[in-house]
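Engineer: Contents of entry_14.pdb (PDB, C-alpha atoms) are given next:
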ATOM      1  CA  MET A   9      29.810   1.534  98.284
ATOM      2  CA  PRO A  10      31.761   1.412  95.036
ATOM      3  CA  ILE A  11      29.785   0.339  91.996
ATOM      4  CA  LEU A  12      31.355  -2.241  89.834
ATOM      5  CA  LYS A  13      30.917  -1.489  86.209
ATOM      6  CA  LEU A  14      30.568  -4.602  84.146
ATOM      7  CA  LYS A  15      32.048  -4.460  80.697
ATOM      8  CA  LYS A  16      29.206  -4.859  78.213
ATOM      9  CA  ARG A  17      29.645  -7.724  75.868
ATOM     10  CA  GLU A  18      29.357  -6.568  72.267
ATOM     11  CA  ILE A  19      26.882  -8.540  70.231
ATOM     12  CA  GLU A  20      27.921  -9.006  66.648
ATOM     13  CA  SER A  21      25.000  -8.047  64.450
ATOM     14  CA  GLU A  22      25.430  -8.814  60.789
ATOM     15  CA  ILE A  23      23.101  -9.718  57.986
ATOM     16  CA  PHE A  24      24.314 -12.731  56.154
ATOM     17  CA  THR A  25      24.636 -11.751  52.500
ATOM     18  CA  GLY A  26      26.583 -14.692  51.235
ATOM     19  CA  SER A  27      23.623 -16.192  49.407
ATOM     20  CA  MET A  28      22.554 -12.899  47.793
ATOM     21  CA  ALA A  29      24.882 -13.419  44.854
ATOM     22  CA  ASP A  30      23.410 -16.879  44.245
ATOM     23  CA  ILE A  31      19.866 -15.518  44.264
ATOM     24  CA  SER A  32      20.847 -12.648  41.973
ATOM     25  CA  PHE A  33      22.513 -14.949  39.473
ATOM     26  CA  LEU A  34      19.478 -17.223  39.500
ATOM     27  CA  LEU A  35      17.287 -14.218  38.682
ATOM     28  CA  ILE A  36      19.615 -13.150  35.885
ATOM     29  CA  ILE A  37      19.595 -16.608  34.371
ATOM     30  CA  TYR A  38      15.791 -16.692  34.566
ATOM     31  CA  PHE A  39      15.400 -13.357  32.761
ATOM     32  CA  MET A  40      18.061 -14.200  30.184
ATOM     33  CA  VAL A  41      16.409 -17.494  29.327
ATOM     34  CA  THR A  42      12.820 -16.255  29.229
ATOM     35  CA  SER A  43      13.184 -12.788  27.739
ATOM     36  CA  VAL A  44      12.734 -12.487  24.005
ATOM     37  CA  PHE A  45      13.863  -9.760  21.706
ATOM     38  CA  SER A  46      10.918 -10.250  19.425
ATOM     39  CA  ALA A  47      10.577  -8.670  16.009
ATOM     40  CA  THR A  48       8.550  -5.531  16.472
ATOM     41  CA  ARG A  49       8.977  -3.823  13.141
ATOM     42  CA  GLY A  50       7.217  -4.051   9.862
ATOM     43  CA  LEU A  51       5.434  -2.367   6.989
ATOM     44  CA  ASP A  52       2.472  -0.310   8.022
ATOM     45  CA  PHE A  53      -0.534   0.765   6.092
ATOM     46  CA  ALA A  54      -3.485   2.770   7.278
ATOM     47  CA  LEU A  55      -6.913   1.765   6.092
ATOM     48  CA  PRO A  56      -9.218   4.481   4.755
ATOM     49  CA  GLU A  57     -11.666   6.030   7.185
ATOM     50  CA  ASP A  58     -15.256   4.980   6.725
ATOM     51  CA  ASN A  59     -16.872   8.053   5.196
ATOM     52  CA  ASN A  60     -19.369   8.704   2.449
ATOM     53  CA  ASP A  61     -17.377  11.191   0.371
ATOM     54  CA  THR A  62     -14.871   8.643  -0.926
ATOM     55  CA  PRO A  63     -13.656   9.838  -4.329
ATOM     56  CA  GLU A  64     -14.576   7.612  -7.209
ATOM     57  CA  ILE A  65     -11.516   6.286  -8.989
ATOM     58  CA  LYS A  66     -11.717   5.398 -12.626
ATOM     59  CA  GLN A  67      -9.513   2.613 -13.889
ATOM     60  CA  GLU A  68      -7.543   4.919 -16.179
ATOM     61  CA  ASP A  69      -6.889   7.260 -13.247
ATOM     62  CA  SER A  70      -4.889   4.683 -11.364
ATOM     63  CA  ILE A  71      -1.777   2.573 -11.708
ATOM     64  CA  ASP A  72      -2.766  -1.072 -11.541
ATOM     65  CA  ILE A  73      -0.316  -3.710 -10.294
ATOM     66  CA  LEU A  74      -1.278  -7.363 -10.257
ATOM     67  CA  VAL A  75       1.181  -9.663  -8.497
ATOM     68  CA  GLN A  76       1.176 -13.094 -10.095
ATOM     69  CA  PRO A  77       2.276 -16.472  -8.734
ATOM     70  CA  GLY A  78       6.069 -16.564  -8.899
ATOM     71  CA  GLY A  79       6.470 -12.864  -8.238
ATOM     72  CA  ASP A  80       6.160 -11.445 -11.752
ATOM     73  CA  ILE A  81       3.666  -8.634 -12.106
ATOM     74  CA  LEU A  82       1.258  -7.171 -14.601
ATOM     75  CA  LEU A  83       1.793  -3.425 -14.507
ATOM     76  CA  ASP A  84      -1.169  -1.752 -16.198
ATOM     77  CA  LYS A  85      -1.672  -5.123 -17.912
ATOM     78  CA  ASN A  86       1.923  -5.186 -19.217
ATOM     79  CA  PRO A  87       4.074  -8.045 -17.897
ATOM     80  CA  MET A  88       7.182  -7.222 -15.871
ATOM     81  CA  PRO A  89       9.406 -10.003 -14.499
ATOM     82  CA  LYS A  90      10.310 -10.061 -10.812
ATOM     83  CA  ALA A  91      14.017  -9.702 -11.551
ATOM     84  CA  GLU A  92      13.440  -6.312 -13.193
ATOM     85  CA  LEU A  93      11.031  -4.869 -10.642
ATOM     86  CA  GLU A  94      13.606  -3.017  -8.563
ATOM     87  CA  GLU A  95      14.912  -1.213 -11.646
ATOM     88  CA  ARG A  96      11.778  -0.639 -13.687
ATOM     89  CA  LEU A  97       8.780  -0.362 -11.357
ATOM     90  CA  LEU A  98       9.501   2.954  -9.647
ATOM     91  CA  PRO A  99      10.622   4.826 -12.819
ATOM     92  CA  TYR A 100       7.373   3.745 -14.517
ATOM     93  CA  ILE A 101       5.276   4.992 -11.591
ATOM     94  CA  ALA A 102       7.297   8.209 -11.317
ATOM     95  CA  ASP A 103       6.576   8.890 -14.975
ATOM     96  CA  LYS A 104       2.838   8.378 -14.410
ATOM     97  CA  LEU A 105       2.807  10.498 -11.257
ATOM     98  CA  ALA A 106       4.552  13.321 -13.106
ATOM     99  CA  GLN A 107       1.333  13.704 -15.130
ATOM    100  CA  ASN A 108      -0.949  13.444 -12.119
ATOM    101  CA  LYS A 109       0.724  13.224  -8.735
ATOM    102  CA  LYS A 110      -2.505  12.178  -7.004
ATOM    103  CA  LYS A 111      -2.767   8.980  -9.038
ATOM    104  CA  PRO A 112      -3.361   6.075  -6.678
ATOM    105  CA  VAL A 113      -1.454   2.830  -7.016
ATOM    106  CA  ILE A 114      -3.675  -0.229  -6.718
ATOM    107  CA  LEU A 115      -1.802  -3.318  -5.572
ATOM    108  CA  ARG A 116      -3.705  -6.503  -6.301
ATOM    109  CA  THR A 117      -2.368  -9.984  -5.687
ATOM    110  CA  ASP A 118      -3.379 -13.285  -7.230
ATOM    111  CA  PRO A 119      -4.750 -15.587  -4.490
ATOM    112  CA  GLN A 120      -2.267 -18.277  -5.573
ATOM    113  CA  ALA A 121       0.752 -15.959  -5.266
ATOM    114  CA  THR A 122       2.617 -16.007  -1.986
ATOM    115  CA  TYR A 123       2.559 -13.382   0.744
ATOM    116  CA  GLY A 124       6.310 -12.899   0.187
ATOM    117  CA  ASP A 125       5.689 -11.981  -3.471
ATOM    118  CA  MET A 126       3.207  -9.289  -2.449
ATOM    119  CA  ILE A 127       5.494  -7.912   0.279
ATOM    120  CA  PHE A 128       8.379  -7.746  -2.223
ATOM    121  CA  VAL A 129       6.381  -5.373  -4.441
ATOM    122  CA  PHE A 130       4.886  -3.420  -1.545
ATOM    123  CA  ASP A 131       8.360  -2.853  -0.106
ATOM    124  CA  ILE A 132       9.564  -1.389  -3.422
ATOM    125  CA  LEU A 133       6.553   0.950  -3.512
ATOM    126  CA  ARG A 134       7.272   2.088   0.050
ATOM    127  CA  THR A 135      10.985   2.810  -0.564
ATOM    128  CA  PRO A 136      11.785   6.152   1.123
ATOM    129  CA  GLU A 137      12.682   9.094  -1.097
ATOM    130  CA  ASP A 138      16.164   9.373   0.401
ATOM    131  CA  GLN A 139      16.839   5.794  -0.695
ATOM    132  CA  GLY A 140      15.787   6.259  -4.291
ATOM    133  CA  GLY A 141      12.058   5.921  -3.757
ATOM    134  CA  ILE A 142       9.242   8.196  -4.838
ATOM    135  CA  LYS A 143       6.388   9.792  -2.922
ATOM    136  CA  ILE A 144       3.181   7.906  -3.621
ATOM    137  CA  ASP A 145       0.174   9.521  -1.957
ATOM    138  CA  THR A 146      -2.126   6.510  -2.059
ATOM    139  CA  ILE A 147      -1.317   2.828  -2.210
ATOM    140  CA  SER A 148      -4.491   0.802  -2.126
ATOM    141  CA  ILE A 149      -4.559  -2.908  -1.348
ATOM    142  CA  PRO A 150      -8.092  -4.017  -2.174
ATOM    143  CA  THR A 151      -9.279  -7.400  -1.011
ATOM    144  CA  GLN A 152     -10.820  -9.975  -3.328
ATOM    145  CA  ARG A 153     -14.285  -9.179  -1.978
ATOM    146  CA  GLU A 154     -13.847  -5.463  -2.654
ATOM    147  CA  ILE A 155     -12.638  -6.138  -6.190
ATOM    148  CA  GLU A 156     -15.646  -8.368  -6.854
ATOM    149  CA  ASN A 157     -17.956  -5.680  -5.463
ATOM    150  CA  ILE A 158     -16.445  -3.119  -7.850
ATOM    151  CA  TRP A 159     -16.817  -5.498 -10.805
ATOM    152  CA  THR A 160     -20.443  -6.088  -9.811
ATOM    153  CA  MET A 161     -21.087  -2.350  -9.542
ATOM    154  CA  LEU A 162     -19.555  -1.822 -12.979
ATOM    155  CA  GLY A 163     -21.518  -4.729 -14.379
ATOM    156  CA  VAL A 164     -18.401  -6.656 -15.327
ATOM    157  CA  THR A 165     -18.551 -10.428 -14.985
ATOM    158  CA  SER A 166     -15.191 -11.988 -14.149
TER
ATOM    159  CA  MET B  29      77.466 -23.312  54.322
ATOM    160  CA  ALA B  30      74.136 -23.766  55.869
ATOM    161  CA  ILE B  31      71.242 -22.184  54.099
ATOM    162  CA  ILE B  32      68.820 -20.527  56.329
ATOM    163  CA  ARG B  33      65.372 -20.892  54.900
ATOM    164  CA  GLY B  34      63.175 -18.109  55.918
ATOM    165  CA  ARG B  35      59.593 -18.801  56.640
ATOM    166  CA  GLU B  36      57.661 -18.359  53.399
ATOM    167  CA  LYS B  37      55.274 -15.496  53.531
ATOM    168  CA  LYS B  38      51.801 -16.533  52.511
ATOM    169  CA  GLY B  39      50.532 -14.490  49.553
ATOM    170  CA  GLY B  40      47.250 -12.801  50.322
ATOM    171  CA  GLY B  41      45.630 -13.410  46.879
ATOM    172  CA  GLU B  42      42.010 -12.256  46.883
ATOM    173  CA  ILE B  43      39.628 -11.247  44.191
ATOM    174  CA  PHE B  44      37.718  -8.121  45.021
ATOM    175  CA  THR B  45      34.062  -9.074  44.779
ATOM    176  CA  ALA B  46      32.292  -6.231  46.525
ATOM    177  CA  SER B  47      31.197  -4.611  43.250
ATOM    178  CA  MET B  48      29.825  -7.886  41.868
ATOM    179  CA  ALA B  49      26.506  -7.384  43.613
ATOM    180  CA  ASP B  50      26.155  -3.945  41.985
ATOM    181  CA  ILE B  51      26.838  -5.369  38.538
ATOM    182  CA  VAL B  52      24.429  -8.227  39.097
ATOM    183  CA  PHE B  53      21.654  -5.895  40.239
ATOM    184  CA  LEU B  54      22.255  -3.622  37.253
ATOM    185  CA  LEU B  55      21.840  -6.634  34.974
ATOM    186  CA  ILE B  56      18.664  -7.672  36.796
ATOM    187  CA  VAL B  57      17.209  -4.168  36.446
ATOM    188  CA  PHE B  58      18.039  -4.219  32.720
ATOM    189  CA  PHE B  59      16.305  -7.545  32.173
ATOM    190  CA  VAL B  60      13.295  -6.557  34.280
ATOM    191  CA  LEU B  61      12.837  -3.387  32.231
ATOM    192  CA  THR B  62      13.311  -5.021  28.840
ATOM    193  CA  TYR B  63      11.411  -8.177  29.687
ATOM    194  CA  ASN B  64       8.766  -9.075  27.145
ATOM    195  CA  THR B  65       6.379 -11.928  27.309
ATOM    196  CA  GLU B  66       5.910 -13.156  23.783
ATOM    197  CA  VAL B  67       2.187 -13.595  23.293
ATOM    198  CA  ASP B  68       2.600 -15.550  20.098
ATOM    199  CA  ARG B  69       5.363 -18.071  19.691
ATOM    200  CA  THR B  70       4.443 -19.234  16.206
ATOM    201  CA  LYS B  71       7.586 -19.963  14.255
ATOM    202  CA  VAL B  72       7.434 -18.225  10.900
ATOM    203  CA  THR B  73       9.920 -17.128   8.278
ATOM    204  CA  LEU B  74       9.028 -13.504   7.863
ATOM    205  CA  PRO B  75       9.369 -11.748   4.520
ATOM    206  CA  LYS B  76      12.242  -9.290   4.355
ATOM    207  CA  THR B  77      11.782  -5.594   3.703
ATOM    208  CA  LEU B  78      13.988  -2.532   3.576
ATOM    209  CA  VAL B  79      11.273  -0.321   5.042
ATOM    210  CA  ARG B  80      10.310  -1.134   8.614
ATOM    211  CA  SER B  81       8.560   0.986  11.183
ATOM    212  CA  GLU B  82       8.155   0.448  14.904
ATOM    213  CA  ILE B  83       5.069  -1.442  16.037
ATOM    214  CA  ASP B  84       3.267  -0.856  19.313
ATOM    215  CA  LYS B  85       4.238  -3.650  21.707
ATOM    216  CA  LYS B  86       0.620  -4.047  22.789
ATOM    217  CA  ALA B  87      -0.686  -4.454  19.237
ATOM    218  CA  ALA B  88      -3.013  -7.367  18.525
ATOM    219  CA  VAL B  89      -1.343 -10.171  16.604
ATOM    220  CA  ILE B  90      -2.672 -12.441  13.895
ATOM    221  CA  SER B  91      -0.150 -15.080  12.920
ATOM    222  CA  VAL B  92      -0.262 -17.429   9.967
ATOM    223  CA  SER B  93       2.209 -20.274   9.731
ATOM    224  CA  SER B  94       2.893 -22.496   6.769
ATOM    225  CA  PRO B  95       2.001 -26.156   7.163
ATOM    226  CA  GLU B  96       4.996 -28.426   7.620
ATOM    227  CA  ASP B  97       3.984 -30.726   4.793
ATOM    228  CA  ARG B  98       3.176 -27.825   2.406
ATOM    229  CA  ASN B  99      -0.175 -29.406   1.477
ATOM    230  CA  GLY B 100      -1.912 -29.096   4.824
ATOM    231  CA  PRO B 101      -3.912 -26.115   5.978
ATOM    232  CA  GLU B 102      -2.231 -22.962   7.261
ATOM    233  CA  VAL B 103      -2.601 -22.422  10.999
ATOM    234  CA  THR B 104      -3.954 -19.055  12.101
ATOM    235  CA  ARG B 105      -3.663 -17.783  15.667
ATOM    236  CA  VAL B 106      -4.908 -14.564  17.219
ATOM    237  CA  SER B 107      -3.879 -12.610  20.293
ATOM    238  CA  THR B 108      -5.019  -9.316  21.762
ATOM    239  CA  GLY B 109      -1.389  -8.476  22.493
ATOM    240  CA  GLU B 110      -1.873  -9.076  26.194
ATOM    241  CA  GLU B 111      -2.944 -12.699  26.295
ATOM    242  CA  MET B 112      -1.425 -15.798  24.765
ATOM    243  CA  SER B 113      -2.524 -16.527  21.207
ATOM    244  CA  LEU B 114      -5.354 -18.909  20.414
ATOM    245  CA  PRO B 115      -5.977 -20.812  17.191
ATOM    246  CA  VAL B 116      -8.884 -19.761  15.000
ATOM    247  CA  GLY B 117     -10.441 -21.753  12.204
ATOM    248  CA  THR B 118     -12.609 -19.518  10.082
ATOM    249  CA  LYS B 119     -12.709 -15.986   8.722
ATOM    250  CA  GLU B 120     -15.837 -15.336  10.800
ATOM    251  CA  GLU B 121     -13.897 -16.116  13.970
ATOM    252  CA  ILE B 122     -11.260 -13.540  12.965
ATOM    253  CA  ILE B 123     -13.995 -10.965  12.361
ATOM    254  CA  THR B 124     -15.519 -11.708  15.772
ATOM    255  CA  PHE B 125     -12.115 -11.437  17.440
ATOM    256  CA  ALA B 126     -11.151  -8.192  15.666
ATOM    257  CA  SER B 127     -14.554  -6.596  16.249
ATOM    258  CA  THR B 128     -14.329  -7.341  19.960
ATOM    259  CA  VAL B 129     -10.833  -5.853  20.183
ATOM    260  CA  VAL B 130     -11.807  -2.745  18.182
ATOM    261  CA  ALA B 131     -14.927  -2.275  20.326
ATOM    262  CA  GLN B 132     -12.702  -2.079  23.400
ATOM    263  CA  ASP B 133     -10.055   0.122  21.761
ATOM    264  CA  PRO B 134     -10.955   1.710  18.405
ATOM    265  CA  ASN B 135      -7.327   2.743  17.781
ATOM    266  CA  LYS B 136      -5.860  -0.699  18.432
ATOM    267  CA  GLN B 137      -3.137  -1.623  15.989
ATOM    268  CA  PHE B 138      -3.090  -5.048  14.382
ATOM    269  CA  VAL B 139      -0.038  -6.972  13.266
ATOM    270  CA  ILE B 140      -0.073  -9.682  10.653
ATOM    271  CA  LYS B 141       2.775 -12.084  11.339
ATOM    272  CA  ALA B 142       2.765 -14.456   8.415
ATOM    273  CA  ASP B 143       5.192 -16.855   6.833
ATOM    274  CA  HIS B 144       6.473 -15.523   3.526
ATOM    275  CA  GLY B 145       5.395 -18.722   1.797
ATOM    276  CA  VAL B 146       1.681 -18.721   2.676
ATOM    277  CA  HIS B 147      -0.792 -18.276  -0.133
ATOM    278  CA  TYR B 148      -2.022 -14.706  -0.465
ATOM    279  CA  GLN B 149      -5.611 -15.988  -0.313
ATOM    280  CA  LYS B 150      -5.161 -16.459   3.435
ATOM    281  CA  ILE B 151      -3.761 -12.940   3.914
ATOM    282  CA  ASP B 152      -6.578 -11.560   1.772
ATOM    283  CA  ASP B 153      -9.134 -13.202   4.058
ATOM    284  CA  ILE B 154      -7.454 -11.703   7.136
ATOM    285  CA  LEU B 155      -7.201  -8.228   5.580
ATOM    286  CA  ASP B 156     -10.851  -8.429   4.605
ATOM    287  CA  ALA B 157     -11.834  -9.501   8.113
ATOM    288  CA  LEU B 158      -9.871  -6.590   9.601
ATOM    289  CA  LYS B 159     -11.386  -4.115   7.158
ATOM    290  CA  GLN B 160     -14.870  -5.340   7.999
ATOM    291  CA  SER B 161     -14.041  -4.923  11.691
ATOM    292  CA  LYS B 162     -13.100  -1.241  11.106
ATOM    293  CA  VAL B 163      -9.450  -1.674  12.049
ATOM    294  CA  LYS B 164      -7.543   1.538  11.309
ATOM    295  CA  VAL B 165      -3.875   0.555  11.137
ATOM    296  CA  ILE B 166      -2.394  -2.770  10.117
ATOM    297  CA  TYR B 167       1.271  -3.716  10.235
ATOM    298  CA  LEU B 168       2.851  -6.461   8.198
ATOM    299  CA  LEU B 169       5.633  -7.868  10.343
ATOM    300  CA  SER B 170       8.912  -8.274   8.493
ATOM    301  CA  ASP B 171      12.588  -8.928   8.953
ATOM    302  CA  GLN B 172      15.248  -6.462   7.914
ATOM    303  CA  LYS B 173      16.430  -6.838   4.344
ATOM    304  CA  THR B 174      20.045  -5.866   3.847
ATOM    305  CA  VAL B 175      21.088  -3.929   0.775
ATOM    306  CA  GLY B 176      21.816  -6.412  -1.979
ATOM    307  CA  GLY B 177      20.563  -9.215   0.258
ATOM    308  CA  LYS B 178      17.758 -11.575  -0.538
TER
END
What would you get if you wrote out this structure as structure tokens?
Structural biologist:
Amino acid sequence: MPILKLKKREIESEIFTGSMADISFLLIIYFMVTSVFSATRGLDFALPEDNNDTPEIKQEDSIDILVQPGGDILLDKNPMPKAELEERLLPYIADKLAQNKKKPVILRTDPQATYGDMIFVFDILRTPEDQGGIKIDTISIPTQREIENIWTMLGVTS
Amino acid sequence: MAIIRGREKKGGGEIFTASMADIVFLLIVFFVLTYNTEVDRTKVTLPKTLVRSEIDKKAAVISVSSPEDRNGPEVTRVSTGEEMSLPVGTKEEIITFASTVVAQDPNKQFVIKADHGVHYQKIDDILDALKQSKVKVIYLLSDQKTVGGK
């Protein structure tokens, strides 16, 4: 008996991808709207390690900068206006460091001065050598409490 | 003379869109990789500096914003770098926060994100709190200053 071969009907199998582009664009829009390129750069300073053999610094062994309200400074008790800082501050320090390159720079700021005033001076001190800066081994930023402790230890009443 | 009008051939104009999916997925991958959740959304005008170094993205953040009316108190917020920032009121709260963070990770970096106009007294309090909490490295967040720019 002859066998009749039936022609198999081909089933069309296809994944519908028409909506994939819509989903993808929705995802893109979500990430574009919610992602932030936040500021992640700034001035760093490392705090001293807590050890007992901290060298004692005498006042005459350091360069003292006091930032005043308005941005002017007292550099070793001599006034220097803000407008002249970029030209005069680093040459003065370079001259002092030429005598003793380990001289620390103490950056104090009047509580009534602004944070921006302090950062302005700190940025000048941290200028890289290839951009006209100088190598300063130690820049110390003492807090008000630390300064008062030192005055108390020295027996100075402010 | 009769003009024989030929049947107009329909132009098969089609924009090739097969590569669009590739481009879209590339963009998605880019955004997924660079996606950052900002833990602190305090709006501040950062001071500008020429010197800027890269800060660890997981660093703890202490933000100080200027009051809108200039006479009000500054608002301080803290974040571990992984959770959204929370407001703090006193210096003691900052010490408690920083001590807890340092206890979990002694090398944790801290970032001070402060408005350039805040009084230094506030920054001094924060620095003192961080020093008391034995923080090792502090960053002062800043914007890029251009040469000759303000």
Engineer: Using all atoms listed in the file, find which residues of chain B lie within 6 Å of chain A and jot them down as a ChimeraX atom specification.
Structural biologist: /B:56,59,63-64,75,77,80-83,144-149,152,156,164-170
Engineer: List the neighbours of range 91-104 of chain A out to 9 Å using only C-alpha atoms; skip same-chain residues closer than 2 positions along the sequence, and give me the result as a PyMOL selection string.
Structural biologist: chain A and resi 71+79-81+83+88-89+106-109+111+113+129+132-133+140-144
Engineer: Between CA of Leu105 in chain A and CA of Asp72 in chain A, what is the spacing in Å?
Structural biologist: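 Atom-to-atom, CA of Asp72 in chain A and CA of Leu105 in chain A are spaced 12.8 Å apart.
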Engineer: Under the rule that all atoms listed in the file are counted, which of B:Ala46, B:Ile154, B:Glu66, B:Leu55 is the nearest residue to Ile90 in chain B?
Structural biologist: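 Closest to Ile90 in chain B of all the choices is B:Ile154.
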Engineer: For Glu102 in chain B, list every protein, DNA or RNA residue within 9 Å, evaluated using only C-alpha atoms, and leave out those in the same chain fewer than 5 positions away; present the list as a PDB file with C-alpha atoms, keeping the file's coordinate frame.
Structural biologist:
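Saved the output as around.pdb:
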ATOM      1  CA  VAL B  92      -0.262 -17.429   9.967  1.00  0.00           C
ATOM      2  CA  SER B  93       2.209 -20.274   9.731  1.00  0.00           C
ATOM      3  CA  SER B  94       2.893 -22.496   6.769  1.00  0.00           C
ATOM      4  CA  PRO B  95       2.001 -26.156   7.163  1.00  0.00           C
ATOM      5  CA  VAL B 146       1.681 -18.721   2.676  1.00  0.00           C
ATOM      6  CA  HIS B 147      -0.792 -18.276  -0.133  1.00  0.00           C
ATOM      7  CA  LYS B 150      -5.161 -16.459   3.435  1.00  0.00           C
TER       8      LYS B 150
END
Engineer: Figure out the distance between CA of Ile114 in chain A and CA of Ser70 in chain A, please, to one decimal in Å.
Structural biologist: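 The value is 6.9 Å.
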Engineer: Return the single residue from B:Lys136, B:Ala142, B:Ala49, B:Thr174 that is closest to Lys162 in chain B, with distances computed using only C-alpha atoms.
Structural biologist: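 Looking at the shortest contact to Lys162 in chain B, the residue is B:Lys136.
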Engineer: Convert the output of the PyMOL selection byres ((chain B and resi 113-124) around 7) on the shown file into explicit residues, formatted as a PyMOL selection string.
Structural biologist: chain B and resi 67-68+104-107+111-112+125-128+153-154+157-158+161
Engineer: Can you translate the PyMOL selection byres ((chain B and resi 138) around 6) into the concrete residues it hits in this file, as JSON, numbers by chain?
Structural biologist: {"B": [87, 88, 89, 137, 139, 166]}
